file run-v2.cif (mmCIF, C-alpha atoms and all ligand atoms)
data_query
#
loop_
_atom_site.label_atom_id
_atom_site.label_comp_id
_atom_site.auth_asym_id
_atom_site.auth_seq_id
_atom_site.Cartn_x
_atom_site.Cartn_y
_atom_site.Cartn_z
CA MET A 1 88.19 82.90 27.44
CA ASN A 2 91.53 83.92 28.78
CA ARG A 3 92.13 87.60 28.20
CA HIS A 4 95.48 87.81 29.89
CA SER A 5 97.37 88.15 26.65
CA GLY A 6 94.57 89.04 24.30
CA PRO A 7 93.90 92.49 22.87
CA SER A 8 92.01 94.90 25.04
CA LEU A 9 88.30 95.14 24.44
CA GLU A 10 88.35 98.80 23.60
CA PRO A 11 91.18 101.08 22.55
CA ALA A 12 92.12 103.78 25.01
CA HIS A 13 90.59 106.58 22.96
CA ASP A 14 87.18 104.94 23.21
CA LEU A 15 87.60 104.39 26.92
CA LEU A 16 88.33 108.12 27.29
CA HIS A 17 85.32 109.34 25.35
CA ALA A 18 83.22 109.91 28.47
CA TYR A 19 86.10 111.70 30.19
CA GLN A 20 86.72 114.00 27.26
CA SER A 21 83.09 114.78 26.54
CA LYS A 22 82.57 116.11 30.07
CA ARG A 23 85.40 118.63 29.90
CA ASP A 24 86.42 121.73 27.98
CA PHE A 25 90.20 121.54 27.76
CA ALA A 26 90.43 125.19 26.79
CA LEU A 27 89.18 125.98 30.29
CA THR A 28 90.37 123.21 32.59
CA PRO A 29 94.07 122.51 33.26
CA GLU A 30 93.33 118.76 33.34
CA PRO A 31 95.05 116.67 30.63
CA ALA A 32 92.90 115.71 27.64
CA GLU A 33 94.84 112.50 27.07
CA GLY A 34 98.30 111.05 27.22
CA GLY A 35 100.57 109.46 29.74
CA GLN A 36 102.87 106.51 29.24
CA SER A 37 102.58 103.02 30.55
CA VAL A 38 105.79 101.71 32.00
CA ALA A 39 106.40 98.03 31.36
CA GLY A 40 106.16 95.95 34.47
CA ARG A 41 104.78 98.78 36.56
CA LEU A 42 101.11 99.62 37.08
CA CYS A 43 100.51 102.98 38.69
CA PHE A 44 97.82 103.99 41.11
CA VAL A 45 96.90 107.40 42.40
CA VAL A 46 94.45 108.74 44.94
CA GLN A 47 93.50 112.35 44.34
CA LYS A 48 91.87 114.43 47.03
CA HIS A 49 89.26 116.56 45.36
CA TRP A 50 87.50 119.53 46.93
CA ALA A 51 84.55 119.48 44.55
CA ARG A 52 80.98 120.18 45.65
CA ASN A 53 81.76 117.58 48.28
CA LEU A 54 85.23 116.56 49.33
CA HIS A 55 86.06 113.08 48.08
CA TYR A 56 89.00 110.89 47.17
CA ASP A 57 89.38 109.69 43.57
CA PHE A 58 90.92 106.24 43.61
CA ARG A 59 92.50 105.33 40.28
CA LEU A 60 94.16 102.12 39.09
CA GLU A 61 96.06 101.77 35.81
CA ILE A 62 94.29 99.01 33.88
CA ASP A 63 94.59 98.45 30.18
CA GLY A 64 96.16 101.80 29.36
CA THR A 65 93.76 104.03 31.29
CA LEU A 66 93.04 104.90 34.88
CA LYS A 67 89.94 103.05 36.09
CA SER A 68 88.44 105.43 38.61
CA TRP A 69 86.24 105.37 41.68
CA ALA A 70 85.09 108.34 43.76
CA VAL A 71 85.36 107.47 47.46
CA PRO A 72 83.53 110.06 49.57
CA ASN A 73 85.23 109.15 52.85
CA GLY A 74 88.54 108.00 51.46
CA PRO A 75 90.29 104.73 52.28
CA SER A 76 90.44 103.14 55.71
CA PHE A 77 93.01 100.66 56.98
CA ASP A 78 90.30 98.97 59.06
CA PRO A 79 89.10 95.74 57.37
CA SER A 80 85.72 96.10 59.07
CA VAL A 81 85.16 99.49 57.42
CA LYS A 82 83.74 99.32 53.91
CA ARG A 83 84.08 102.58 52.04
CA MET A 84 81.62 103.41 49.28
CA ALA A 85 83.41 103.80 45.94
CA VAL A 86 81.34 105.01 43.01
CA GLN A 87 82.83 104.02 39.68
CA VAL A 88 83.30 107.02 37.41
CA GLU A 89 84.65 107.50 33.92
CA ASP A 90 88.11 106.23 32.97
CA HIS A 91 90.78 108.92 33.11
CA PRO A 92 93.92 109.20 30.95
CA LEU A 93 97.16 107.94 32.47
CA ALA A 94 98.48 111.49 32.43
CA TYR A 95 95.87 112.37 35.05
CA ALA A 96 97.96 110.59 37.68
CA ASP A 97 100.24 113.64 37.82
CA PHE A 98 97.50 116.24 37.90
CA GLU A 99 97.34 118.72 40.71
CA GLY A 100 95.57 122.00 40.26
CA THR A 101 92.22 123.65 40.32
CA VAL A 102 89.38 122.91 37.96
CA PRO A 103 87.79 126.31 37.39
CA ALA A 104 84.35 127.22 38.61
CA ARG A 105 81.46 126.05 36.45
CA GLN A 106 83.57 123.31 34.87
CA TYR A 107 82.98 119.61 35.47
CA GLY A 108 84.46 118.68 38.83
CA ALA A 109 85.23 122.29 39.73
CA GLY A 110 87.53 122.52 42.71
CA LYS A 111 91.04 121.83 43.87
CA VAL A 112 92.79 118.49 43.29
CA ILE A 113 95.92 117.20 45.01
CA VAL A 114 97.79 113.93 44.62
CA TRP A 115 97.00 112.48 48.04
CA ASP A 116 98.80 109.19 47.40
CA ALA A 117 100.61 107.57 44.49
CA GLY A 118 102.64 104.50 43.77
CA THR A 119 102.32 101.14 42.13
CA TRP A 120 99.73 98.42 42.43
CA LEU A 121 99.72 94.72 41.84
CA PRO A 122 96.57 92.86 40.80
CA LEU A 123 96.19 89.52 42.55
CA GLN A 124 94.21 88.16 39.60
CA ASP A 125 93.48 89.28 36.04
CA ALA A 126 92.61 92.96 36.44
CA GLN A 127 90.20 93.33 33.51
CA GLN A 128 88.38 90.21 34.57
CA GLY A 129 88.20 91.49 38.13
CA VAL A 130 86.62 94.76 37.01
CA ARG A 131 84.12 92.90 34.84
CA ASP A 132 83.26 90.52 37.64
CA GLY A 133 83.04 93.28 40.21
CA ASN A 134 85.63 91.72 42.47
CA LEU A 135 89.18 92.98 42.29
CA LYS A 136 91.88 92.10 44.81
CA PHE A 137 95.20 93.85 44.77
CA GLU A 138 98.22 95.15 46.64
CA LEU A 139 99.09 98.82 46.94
CA HIS A 140 102.61 100.16 47.24
CA GLY A 141 102.08 103.84 47.93
CA HIS A 142 103.46 106.51 50.21
CA LYS A 143 100.46 106.12 52.48
CA LEU A 144 98.50 103.08 51.33
CA HIS A 145 100.03 99.64 51.63
CA GLY A 146 99.07 96.02 51.76
CA ARG A 147 96.15 94.10 50.32
CA TRP A 148 92.84 95.72 49.38
CA ALA A 149 89.68 94.76 47.54
CA LEU A 150 87.13 96.55 45.41
CA VAL A 151 83.79 94.76 45.37
CA ARG A 152 80.85 95.86 43.27
CA MET A 153 77.52 95.99 45.04
CA LYS A 154 74.52 94.38 43.50
CA GLY A 155 72.30 96.94 41.84
CA LYS A 156 69.97 97.45 38.94
CA GLY A 157 72.48 98.63 36.41
CA GLU A 158 72.82 102.18 37.59
CA LYS A 159 74.91 104.36 35.34
CA GLN A 160 77.53 104.70 38.06
CA ALA A 161 78.12 101.38 39.74
CA ALA A 162 78.56 101.41 43.50
CA TRP A 163 81.52 99.46 44.80
CA LEU A 164 83.09 99.05 48.21
CA LEU A 165 86.76 99.70 48.91
CA ILE A 166 87.87 97.34 51.66
CA LYS A 167 91.17 96.79 53.40
CA GLU A 168 92.02 93.10 53.55
CA LYS A 169 93.41 91.63 56.74
CA ASP A 170 97.18 91.74 56.74
CA SER A 171 100.01 93.27 58.74
CA PHE A 172 99.09 96.78 57.53
CA ALA A 173 95.51 96.64 58.79
CA ARG A 174 94.68 98.99 61.67
CA ALA A 175 91.54 99.62 63.64
CA SER A 176 89.74 102.80 62.64
CA ALA A 177 89.52 103.84 66.30
CA ALA A 178 93.32 103.91 66.41
CA TYR A 179 94.18 105.30 62.99
CA SER A 180 92.53 107.31 60.23
CA VAL A 181 94.90 107.70 57.32
CA VAL A 182 92.90 110.51 55.73
CA ASP A 183 93.09 112.53 58.94
CA GLU A 184 96.66 111.66 59.93
CA LEU A 185 98.14 112.16 56.48
CA PRO A 186 96.04 114.82 54.78
CA ALA A 187 98.48 116.45 52.38
CA SER A 188 99.93 116.02 48.90
CA VAL A 189 102.67 113.52 48.11
CA LYS A 190 103.40 115.00 44.73
CA SER A 191 106.77 116.43 45.69
CA LEU A 192 107.83 112.93 46.76
CA GLY A 193 107.51 111.63 43.21
CA PRO A 194 105.40 108.80 41.88
CA SER A 195 107.41 105.95 43.37
CA PRO A 196 107.43 105.53 47.08
CA ARG A 197 110.74 105.07 48.75
CA GLY A 198 111.15 101.42 49.57
CA ALA A 199 108.32 100.37 47.26
CA GLY A 200 107.42 96.79 47.85
CA VAL A 201 109.57 96.56 50.93
CA ALA A 202 107.64 95.12 53.80
CA GLY A 203 110.25 94.80 56.48
CA ALA A 204 109.70 94.92 60.19
CA GLY A 205 108.65 98.28 61.51
CA HIS A 206 107.81 99.58 58.05
CA ARG A 207 104.44 100.99 59.00
CA SER A 208 105.39 103.28 61.80
CA ALA A 209 108.50 104.32 59.94
CA THR A 210 106.42 105.40 56.99
CA ASP A 211 104.08 107.46 59.08
CA HIS A 212 106.99 108.98 60.93
CA ASP A 213 108.71 109.91 57.68
CA LEU A 214 105.62 111.49 56.21
CA HIS A 215 105.02 113.54 59.30
CA ASP A 216 108.46 114.56 60.36
CA LEU A 217 111.12 114.17 57.73
CA PRO A 218 112.01 117.59 56.35
CA LEU A 219 111.36 117.70 52.65
CA GLU A 220 114.85 119.00 52.12
CA ALA A 221 115.99 115.55 53.15
CA MET A 222 114.04 113.86 50.39
CA PRO A 223 116.31 112.50 47.67
CA SER A 224 113.94 113.36 44.84
CA ALA A 225 113.79 116.73 43.17
CA LEU A 226 110.50 118.36 42.33
CA PRO A 227 109.18 116.72 39.18
CA ASP A 228 109.26 118.78 36.01
CA SER A 229 105.54 118.33 35.66
CA LEU A 230 104.89 120.42 38.77
CA ALA A 231 104.46 123.55 36.74
CA PRO A 232 104.59 126.75 38.78
CA GLN A 233 101.68 128.27 36.89
CA SER A 234 99.29 125.60 38.12
CA TRP A 235 99.93 126.84 41.62
CA ALA A 236 100.25 130.49 40.78
CA SER A 237 96.88 130.42 39.11
CA ARG A 238 95.15 129.91 42.42
CA ALA A 239 97.50 132.06 44.41
CA SER A 240 95.25 134.43 46.19
CA SER A 241 97.08 133.61 49.38
CA PRO A 242 100.81 134.16 49.74
CA ASN A 243 101.02 130.69 51.23
CA ALA A 244 100.02 129.22 47.93
CA ALA A 245 103.57 129.80 46.70
CA VAL A 246 104.84 127.12 49.04
CA ALA A 247 101.86 124.83 48.60
CA PRO A 248 103.79 122.16 46.64
CA THR A 249 105.59 121.18 49.81
CA GLY A 250 102.25 119.68 50.58
CA LEU A 251 102.96 117.50 53.54
CA ARG A 252 103.48 120.45 55.80
CA GLY A 253 100.17 122.12 55.63
CA GLN A 254 96.51 121.81 55.08
CA PRO A 255 95.47 122.78 51.62
CA THR A 256 93.95 126.19 51.52
CA GLY A 257 90.75 127.09 49.85
CA SER A 258 88.18 124.85 48.29
CA SER A 259 86.02 124.66 45.23
MN MN A 301 86.65 113.80 41.70
#
call {"tool": "encode", "arguments": {"input": "run-v2.cif", "output": "structure tokens"}}
result
Amino acid sequence: MNRHSGPSLEPAHDLLHAYQSKRDFALTPEPAEGGQSVAGRLCFVVQKHWARNLHYDFRLEIDGTLKSWAVPNGPSFDPSVKRMAVQVEDHPLAYADFEGTVPARQYGAGKVIVWDAGTWLPLQDAQQGVRDGNLKFELHGHKLHGRWALVRMKGKGEKQAAWLLIKEKDSFARASAAYSVVDELPASVKSLGPSPRGAGVAGAGHRSATDHDLHDLPLEAMPSALPDSLAPQSWASRASSPNAAVAPTGLRGQPTGSS
């Protein structure tokens, strides 16, 4: 059965039940729901999360929610490196903008930054790919580019399915010995906005230019203003250090503090 144009299997509020039941929204600054789909544009986000263990939450907009995988080591541009990606509960679309700190003793307690964001393009039917455990796609982010795959590992129906996040071979691929994106580009991209400059552009020299920009271009030179959603209180709330006041500039410094 072709589900390309059919109704989704479950409405978004059912998909979010697990997400909502784990959290107390009177205590956590995370969004309970919400977020808007934009026609013709599927968003992705990778959030760096200093929970009990640092990990990277990889999220793809599918069917009105963010399908989510926790990737302990984060993505690698090396096609020979397969990164474990544990599927976790769907998150609301509004979560793509979330940066802040989940308070102690709450689910996922610890700091979250938007490590990368942009748009993604499924290379087959996305719902079918998730069901089949084999999803191939392109990423157009600030940091992540090119073709990738998520492949579910065979298992005995564990509650949290284990997948692998794998870079496909293309012009963006790089050997892990030469390049580690999580180490080279550790900081938030939130102040850059959700859409990467030159999204979808794959011209000559794009890769080194992107890295150069992220490292060296002064943020004052960025054309985008800080998004309205970057509420000062979300930063002030964790401001034990005076440096926290400038934390939204992100790309300049290592995040301070942890869970
Ligand atoms: Mn997480």
call {"tool": "residues_near_ligand", "arguments": {"input": "run-v2.cif", "ligand": "ligand MN 301 (chain A)", "cutoff": "7 Å", "atoms": "all atoms listed in the file", "output": "PDB file with C-alpha atoms, keeping the file's coordinate frame"}}
result
ATOM      1  CA  HIS A  49      89.260 116.560  45.360  1.00  0.00           C
ATOM      2  CA  ALA A  51      84.550 119.480  44.550  1.00  0.00           C
ATOM      3  CA  HIS A  55      86.060 113.080  48.080  1.00  0.00           C
ATOM      4  CA  TYR A  56      89.000 110.890  47.170  1.00  0.00           C
ATOM      5  CA  ASP A  57      89.380 109.690  43.570  1.00  0.00           C
ATOM      6  CA  ALA A  70      85.090 108.340  43.760  1.00  0.00           C
ATOM      7  CA  GLY A 108      84.460 118.680  38.830  1.00  0.00           C
TER       8      GLY A 108
END
call {"tool": "residues_around", "arguments": {"input": "run-v2.cif", "residues": "region 140-152 of chain A", "least_positions_apart": "4", "cutoff": "7 Å", "atoms": "all atoms listed in the file", "output": "list in words"}}
result
Asp116, Ala117, Gly118, Thr119, Trp120, Gly133, Asn134, Leu135, Lys136, Ala162, Trp163, Leu164, Leu165, Ile166, Lys167, Glu168, Asp170, Phe172, Pro196, Ala199 and Gly200 of chain A
call {"tool": "closest_residue", "arguments": {"input": "run-v2.cif", "among": "A:Gly193, A:Pro92, A:Gly35, A:Pro29", "to": "Lys111 (chain A)", "atoms": "all atoms listed in the file"}}
result
A:Pro29
call {"tool": "closest_residue", "arguments": {"input": "run-v2.cif", "among": "A:Val88, A:Val130, A:Ala39, A:Leu27", "to": "Ile62 (chain A)", "atoms": "only C-alpha atoms"}}
result
A:Val130
call {"tool": "atom_distance", "arguments": {"input": "run-v2.cif", "atom1": "CA of Gly34 (chain A)", "atom2": "CA of Lys67 (chain A)"}}
result
14.6 Å
call {"tool": "residues_around", "arguments": {"input": "run-v2.cif", "residues": "Thr65 (chain A)", "least_positions_apart": "3", "cutoff": "10 Å", "atoms": "all atoms listed in the file", "output": "PyMOL selection string"}}
result
chain A and resi 11-13+15-16+33-37+59-62+68+90-95
call {"tool": "closest_residue", "arguments": {"input": "run-v2.cif", "among": "A:Glu89, A:Asp97, A:Asp63, A:Asp78", "to": "Tyr179 (chain A)", "atoms": "all atoms listed in the file"}}
result
A:Asp78
call {"tool": "atom_distance", "arguments": {"input": "run-v2.cif", "atom1": "CA of Val112 (chain A)", "atom2": "CA of Pro75 (chain A)"}}
result
16.6 Å
